[in-house]
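Structure file input_15.txt with compact mmCIF, C-alpha atoms:
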# COMPACT_ATOMS: atom_id res chain seq x y z
CA MET A 1 -11.87 25.99 -0.47
CA ALA A 2 -8.30 26.57 0.69
CA THR A 3 -9.48 28.03 4.00
CA ASP A 4 -11.14 24.68 4.76
CA VAL A 5 -8.68 22.27 3.15
CA LEU A 6 -5.45 23.68 4.58
CA PRO A 7 -6.41 23.44 8.28
CA ARG A 8 -7.92 20.01 7.65
CA GLY A 9 -4.69 18.87 6.00
CA LYS A 10 -2.66 20.17 8.93
CA GLY A 11 -4.91 18.33 11.37
CA MET A 12 -4.65 15.11 9.36
CA ALA A 13 -0.87 15.36 9.34
CA SER A 14 -0.80 15.86 13.12
CA PHE A 15 -3.10 12.89 13.65
CA ALA A 16 -1.04 10.66 11.37
CA ALA A 17 2.12 11.68 13.24
CA LEU A 18 0.74 9.99 16.37
CA PHE A 19 1.26 6.61 14.71
CA ALA A 20 4.67 7.47 13.27
CA ASP A 21 6.20 6.82 16.69
CA ARG A 22 7.13 3.15 17.14
CA THR A 23 6.17 3.04 20.82
CA ARG A 24 2.72 4.55 20.29
CA ALA A 25 2.11 2.29 17.29
CA THR A 26 3.06 -0.75 19.40
CA PHE A 27 0.64 0.34 22.14
CA CYS A 28 -2.20 0.69 19.64
CA LEU A 29 -1.59 -2.74 18.11
CA ALA A 30 -1.48 -4.35 21.55
CA LEU A 31 -4.76 -2.71 22.53
CA LEU A 32 -6.53 -4.27 19.55
CA ASP A 33 -7.24 -7.21 21.86
CA ARG A 34 -10.12 -5.05 23.24
CA ARG A 35 -8.82 -5.25 26.84
CA ALA A 36 -8.00 -2.29 29.03
CA TRP A 37 -4.27 -2.20 29.85
CA THR A 38 -2.31 -0.38 32.53
CA ALA A 39 0.64 1.81 31.63
CA THR A 40 2.96 -0.68 33.34
CA GLU A 41 1.63 -3.55 31.21
CA LEU A 42 2.05 -1.56 28.00
CA ALA A 43 5.56 -0.43 28.94
CA SER A 44 6.57 -4.04 29.60
CA TYR A 45 4.99 -5.24 26.36
CA ALA A 46 6.69 -2.57 24.24
CA GLY A 47 10.01 -2.83 26.10
CA VAL A 48 10.14 0.88 26.94
CA PRO A 49 10.68 2.77 30.22
CA LYS A 50 7.52 3.46 32.20
CA SER A 51 8.70 7.06 32.61
CA SER A 52 8.03 7.79 28.92
CA THR A 53 4.89 5.66 28.64
CA THR A 54 2.60 8.18 30.35
CA GLU A 55 3.56 10.93 27.91
CA HIS A 56 2.83 8.68 24.92
CA LEU A 57 -0.51 7.59 26.36
CA ASN A 58 -1.56 11.15 27.15
CA LYS A 59 -1.00 12.13 23.50
CA LEU A 60 -3.14 9.23 22.28
CA ILE A 61 -5.88 10.02 24.81
CA HIS A 62 -5.88 13.72 23.93
CA ALA A 63 -6.27 12.84 20.23
CA GLY A 64 -9.21 10.52 20.92
CA VAL A 65 -7.39 7.36 19.88
CA LEU A 66 -7.52 5.93 23.42
CA VAL A 67 -9.75 6.54 26.41
CA GLU A 68 -8.83 6.40 30.08
CA VAL A 69 -10.68 4.11 32.47
CA ARG A 70 -10.31 4.69 36.22
CA GLN A 71 -11.00 1.90 38.69
CA GLY A 72 -10.16 2.86 42.24
CA ARG A 73 -6.53 3.94 42.31
CA HIS A 74 -5.78 2.16 39.05
CA ARG A 75 -5.67 3.76 35.63
CA TYR A 76 -6.33 1.77 32.47
CA VAL A 77 -6.46 2.70 28.81
CA ARG A 78 -8.27 1.12 25.88
CA ILE A 79 -9.02 1.97 22.26
CA GLU A 80 -11.77 4.58 21.91
CA ASP A 81 -14.17 2.46 19.86
CA ALA A 82 -14.53 -0.09 17.04
CA ARG A 83 -14.15 2.61 14.38
CA MET A 84 -10.73 3.58 15.74
CA ALA A 85 -9.69 -0.08 16.05
CA GLU A 86 -10.59 -0.71 12.42
CA LEU A 87 -8.51 2.32 11.37
CA ILE A 88 -5.49 0.93 13.24
CA GLU A 89 -5.95 -2.53 11.70
CA ALA A 90 -6.31 -0.98 8.23
CA MET A 91 -3.02 0.91 8.64
CA ALA A 92 -1.31 -2.29 9.77
CA SER A 93 -2.52 -4.04 6.61
CA HIS A 94 -0.34 -1.74 4.49
CA VAL A 95 2.89 -2.57 6.32
CA GLU A 96 5.26 -5.04 4.71
CA PRO A 97 7.08 -7.47 7.06
CA LEU A 98 10.62 -6.37 7.82
CA PRO A 99 13.04 -8.61 5.86
CA GLY A 100 16.16 -10.18 7.22
CA ASN A 101 15.30 -9.98 10.91
CA VAL A 102 16.63 -12.78 13.11
CA ARG A 103 13.64 -13.75 15.19
CA SER A 104 13.06 -16.19 18.00
CA TYR A 105 11.01 -19.35 17.60
CA LYS A 106 8.50 -17.91 20.08
CA ALA A 107 8.04 -14.72 18.04
CA VAL A 108 7.59 -16.65 14.79
CA THR A 109 5.06 -18.98 16.44
CA GLN A 110 3.10 -16.04 17.84
CA ASP A 111 2.98 -14.37 14.42
CA GLN A 112 1.76 -17.58 12.83
CA ALA A 113 -1.00 -17.86 15.43
CA LEU A 114 -2.06 -14.25 14.83
CA SER A 115 -2.06 -14.80 11.09
CA ARG A 116 -4.20 -17.91 11.45
CA ALA A 117 -6.93 -16.54 13.71
CA ARG A 118 -7.26 -13.48 15.94
CA THR A 119 -9.64 -10.78 17.04
CA CYS A 120 -9.55 -7.39 15.38
CA TYR A 121 -11.03 -5.49 18.35
CA ASP A 122 -14.47 -7.18 18.37
CA HIS A 123 -14.59 -9.21 15.16
CA LEU A 124 -12.75 -12.21 13.70
CA ALA A 125 -9.64 -11.68 11.60
CA GLY A 126 -6.71 -13.57 10.14
CA ASP A 127 -7.18 -16.59 7.88
CA LEU A 128 -10.27 -17.44 9.93
CA GLY A 129 -11.88 -14.03 9.33
CA VAL A 130 -10.99 -13.93 5.63
CA GLY A 131 -12.25 -17.48 5.11
CA LEU A 132 -15.45 -16.70 6.99
CA MET A 133 -16.08 -13.64 4.82
CA LYS A 134 -15.77 -15.73 1.65
CA ALA A 135 -18.07 -18.39 3.11
CA LEU A 136 -20.70 -15.80 4.05
CA VAL A 137 -20.70 -14.45 0.50
CA THR A 138 -20.92 -17.96 -1.00
CA LYS A 139 -23.84 -18.77 1.29
CA ASP A 140 -25.51 -15.42 0.36
CA ILE A 141 -25.53 -14.23 3.95
CA ILE A 142 -23.46 -11.24 2.84
CA ASN A 143 -23.94 -9.68 -0.59
CA PHE A 144 -21.81 -7.20 -2.55
CA GLY A 145 -24.48 -6.38 -5.14
CA SER A 146 -24.80 -2.69 -4.19
CA GLY A 147 -22.19 -2.29 -1.50
CA VAL A 148 -21.65 -4.80 1.26
CA GLN A 149 -24.92 -5.71 2.95
CA LEU A 150 -26.61 -8.37 5.04
CA THR A 151 -29.23 -10.20 2.97
CA PRO A 152 -32.72 -10.85 4.38
CA GLU A 153 -32.01 -14.59 4.12
CA GLY A 154 -28.72 -14.04 5.92
CA ALA A 155 -30.41 -12.15 8.75
CA ARG A 156 -32.87 -15.03 9.21
CA HIS A 157 -30.06 -17.57 9.10
CA LEU A 158 -28.14 -15.79 11.86
CA GLU A 159 -31.29 -15.32 13.92
CA ASP A 160 -32.08 -19.06 13.64
CA MET A 161 -28.56 -19.73 14.96
CA GLY A 162 -29.25 -17.55 18.00
CA ILE A 163 -26.94 -14.76 16.88
CA SER A 164 -28.52 -11.46 17.92
CA ILE A 165 -27.35 -8.33 16.14
CA SER A 166 -27.48 -4.95 17.83
CA THR A 167 -29.26 -2.22 15.87
CA LYS A 168 -29.12 0.41 18.60
CA THR A 169 -25.81 1.94 17.52
CA THR A 170 -24.78 4.24 14.70
CA ARG A 171 -22.15 1.69 13.69
CA PRO A 172 -22.75 0.11 10.25
CA LEU A 173 -24.56 -3.21 10.24
CA VAL A 174 -21.86 -4.72 8.03
CA ARG A 175 -18.61 -3.35 6.69
CA THR A 176 -15.37 -4.74 5.34
CA CYS A 177 -12.04 -4.46 7.15
CA LEU A 178 -8.78 -5.04 5.27
CA ASP A 179 -6.88 -7.91 6.86
CA TRP A 180 -3.13 -7.36 7.20
CA THR A 181 -2.22 -11.04 6.87
CA GLY A 182 -3.55 -11.64 3.38
CA ARG A 183 -4.52 -8.16 2.13
CA GLN A 184 -8.06 -9.49 1.81
CA TYR A 185 -11.22 -8.46 3.61
CA HIS A 186 -12.80 -9.83 6.75
CA LEU A 187 -16.18 -8.82 8.16
CA ALA A 188 -16.58 -5.98 10.65
CA GLY A 189 -19.57 -3.94 11.78
CA ASN A 190 -22.36 -5.13 14.07
CA VAL A 191 -22.74 -8.44 12.25
CA GLY A 192 -19.02 -9.19 12.45
CA ALA A 193 -19.05 -8.38 16.18
CA ALA A 194 -22.11 -10.56 16.78
CA ILE A 195 -20.55 -13.57 15.03
CA CYS A 196 -17.33 -13.10 17.01
CA ASP A 197 -19.21 -12.88 20.31
CA HIS A 198 -21.20 -16.01 19.44
CA SER A 199 -18.03 -17.88 18.44
CA LEU A 200 -16.38 -17.10 21.78
CA ALA A 201 -19.47 -17.74 23.89
CA SER A 202 -20.17 -21.05 22.14
CA GLY A 203 -16.61 -22.34 22.45
CA TRP A 204 -15.94 -22.33 18.72
CA VAL A 205 -12.79 -20.31 19.38
CA LEU A 206 -10.71 -19.73 22.50
CA HIS A 207 -8.36 -16.90 23.39
CA ILE A 208 -4.69 -17.83 23.49
CA PRO A 209 -3.40 -16.25 26.74
CA HIS A 210 -1.46 -12.96 26.59
CA THR A 211 -2.26 -12.37 22.90
CA ARG A 212 -5.25 -11.62 20.70
CA ALA A 213 -4.66 -14.81 18.75
CA LEU A 214 -7.43 -17.40 18.81
CA ARG A 215 -7.49 -21.19 18.70
CA VAL A 216 -10.32 -22.78 16.74
CA THR A 217 -11.61 -25.81 18.64
CA ASP A 218 -12.61 -29.10 17.03
CA PHE A 219 -16.20 -28.25 17.92
CA GLY A 220 -15.75 -24.86 16.28
CA LEU A 221 -14.46 -26.44 13.07
CA GLU A 222 -17.59 -28.60 12.92
CA GLU A 223 -19.97 -25.72 13.67
CA LEU A 224 -18.35 -23.32 11.21
CA GLN A 225 -18.66 -25.97 8.52
CA LYS A 226 -22.24 -26.78 9.50
CA HIS A 227 -23.59 -23.23 9.66
CA PHE A 228 -21.45 -21.35 7.14
CA GLY A 229 -19.90 -24.00 4.92
CA LEU A 230 -16.47 -22.87 6.10
CA ASP A 231 -13.81 -25.55 5.67
CA LEU A 232 -10.59 -24.65 7.49
CA ALA A 233 -7.91 -27.03 6.27
CA TRP A 234 -5.68 -26.65 9.32
Let me see the structure of the file written as C-alpha cells.
Amino acid sequence: MATDVLPRGKGMASFAALFADRTRATFCLALLDRRAWTATELASYAGVPKSSTTEHLNKLIHAGVLVEVRQGRHRYVRIEDARMAELIEAMASHVEPLPGNVRSYKAVTQDQALSRARTCYDHLAGDLGVGLMKALVTKDIINFGSGVQLTPEGARHLEDMGISISTKTTRPLVRTCLDWTGRQYHLAGNVGAAICDHSLASGWVLHIPHTRALRVTDFGLEELQKHFGLDLAW
C-alpha cells in the first residue's frame, strides 16, 4: 500500500501548494467568472507585475488547473472545467474573512454583491444559490433521499419551463457545492448549469460589469417565486 500512497501523497501536496501562493489563488478566484482572461488583465486585477504573471500561469496550466486559449496573437487562460471550478469554490468556502482590515467602501460593496448573488463558474451561488437549493428541495425538484438527485417530477417541471439539461457529458446531473458565503450548499452539476443559463438568458439575473456578481431583476424575483417558490427578501 505504501508504494501507492506515498507518491500519491507527494502529488497531492504539490498540487495543494499551487494554491498556497496568494497571486495564483487570486487568479483562480477571478477566473471563476467563466471568462477567458489575458495575463495583462489578471496582473492588473491581482496588483502584481506582469513579469511574474506568466510564470504563475504556466504552473497552473501545467498542473491542469487552467487551460490556454490562443486567438490570433492573443493568449487567454481560463479554468480547465466545471469540476476544477467547484474545487476552487469549495476551498474558498473554508477560508475565514480576515479580521481587522481597513477596507474601502467599494470593496465592501463588491463583497456584499458577491455574497448576495454570483456565478460559481456556470451555476448560481451566494444567497441566491443557497436559497434556490432550499426551494428546489421544498418543491421536491431535488431530493436527498439516497444522495442528491433530480426527481422525475422535478425533471418534468424544468422541462415544462423550457430548461433543457445536457446529458451528453460525464458530469453529474446534480451535485452540491459548498457556498463560501454561508457555509451551506448550492446546486451544481448539469441541472445547476441549466438553471443558471436559463436565468441569464431570460433576464432573471444580470451580470454586474467587471465582477461575477449578479443582480436579480424585478422580473427575476417574480419568476423565481412563480416557478420555484423562492422568496428573496431583498
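The two atoms in question, CA of Met161 in chain A and CA of Asp33 in chain A, are spaced 25.7 Å apart.
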Could you check which of A:Val130, A:Leu173, A:Ile88, A:Leu224 is closest to His198 in chain A, using only C-alpha atoms?
A:Leu224
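For the atom pair formed by CA of Leu124 in chain A and CA of Ala193 in chain A, the distance is 7.8 Å, given to one decimal.
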Selected residue, from A:Thr211, A:Thr38, A:Gln225, A:Thr169, that lies nearest to Asp81 in chain A when counting only C-alpha atoms
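Of all the options, A:Thr169 lies closest to Asp81 in chain A.
Between CA of Thr119 in chain A and CA of Glu68 in chain A the interatomic distance comes to 21.6 Å.
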Rank nothing, just name the residue among A:Leu42, A:Ile61, A:Leu114, A:Val191 nearest to Arg215 in chain A, using all atoms listed in the file.
A:Leu114
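Using all atoms listed in the file for every distance, the candidate list A:Thr53, A:Gly64, A:His207, A:Ser199 yields A:Ser199 as the residue closest to Phe219 in chain A.
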Among listed residues A:Leu221, A:Leu230, A:Leu150, A:Met84, nearest Val65 in chain A (using all atoms listed in the file)
A:Met84
Under the rule that all atoms listed in the file are counted, which of A:Asp111, A:Asp127, A:Asp122, A:Asp21 is the nearest residue to His186 in chain A?
A:Asp127
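Only residues having an atom at most 10 Å from (-10.1, -14.5, 12.1) are included; using all atoms listed in the file, these are Leu114, Ser115, Arg116, Ala117, Arg118, Thr119, Cys120, His123, Leu124, Ala125, Gly126, Asp127, Leu128, Gly129, Val130, Gly131, Leu132, Met133, Asp179, His186, Leu187, Cys196, Val205, Ala213, Leu214, Arg215 and Val216 of chain A.
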For Ala155 in chain A, please output as a short mmCIF file (atom, residue, chain, number, x, y, z; two decimals) with C-alpha atoms, keeping the file's coordinate frame all residues within 12 Å (counting only C-alpha atoms; exclusion window: fewer than 2 positions along the same chain).
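out_39.cif was written with the following content:
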data_model
loop_
_atom_site.label_atom_id
_atom_site.label_comp_id
_atom_site.auth_asym_id
_atom_site.auth_seq_id
_atom_site.Cartn_x
_atom_site.Cartn_y
_atom_site.Cartn_z
CA LEU A 136 -20.70 -15.80 4.05
CA LYS A 139 -23.84 -18.77 1.29
CA ASP A 140 -25.51 -15.42 0.36
CA ILE A 141 -25.53 -14.23 3.95
CA ILE A 142 -23.46 -11.24 2.84
CA ASN A 143 -23.94 -9.68 -0.59
CA GLN A 149 -24.92 -5.71 2.95
CA LEU A 150 -26.61 -8.37 5.04
CA THR A 151 -29.23 -10.20 2.97
CA PRO A 152 -32.72 -10.85 4.38
CA GLU A 153 -32.01 -14.59 4.12
CA HIS A 157 -30.06 -17.57 9.10
CA LEU A 158 -28.14 -15.79 11.86
CA GLU A 159 -31.29 -15.32 13.92
CA ASP A 160 -32.08 -19.06 13.64
CA MET A 161 -28.56 -19.73 14.96
CA GLY A 162 -29.25 -17.55 18.00
CA ILE A 163 -26.94 -14.76 16.88
CA SER A 164 -28.52 -11.46 17.92
CA ILE A 165 -27.35 -8.33 16.14
CA SER A 166 -27.48 -4.95 17.83
CA LEU A 173 -24.56 -3.21 10.24
CA VAL A 174 -21.86 -4.72 8.03
CA ASN A 190 -22.36 -5.13 14.07
CA VAL A 191 -22.74 -8.44 12.25
CA ALA A 194 -22.11 -10.56 16.78
CA ILE A 195 -20.55 -13.57 15.03
#
Counting all atoms listed in the file, find the residues whose atoms lie at most 12 Å from (3.4, 1.6, 16.0) (file coordinates) and write them out as a PyMOL selection string.
chain A and resi 16-31+46+56+60+88-89+91-92+95
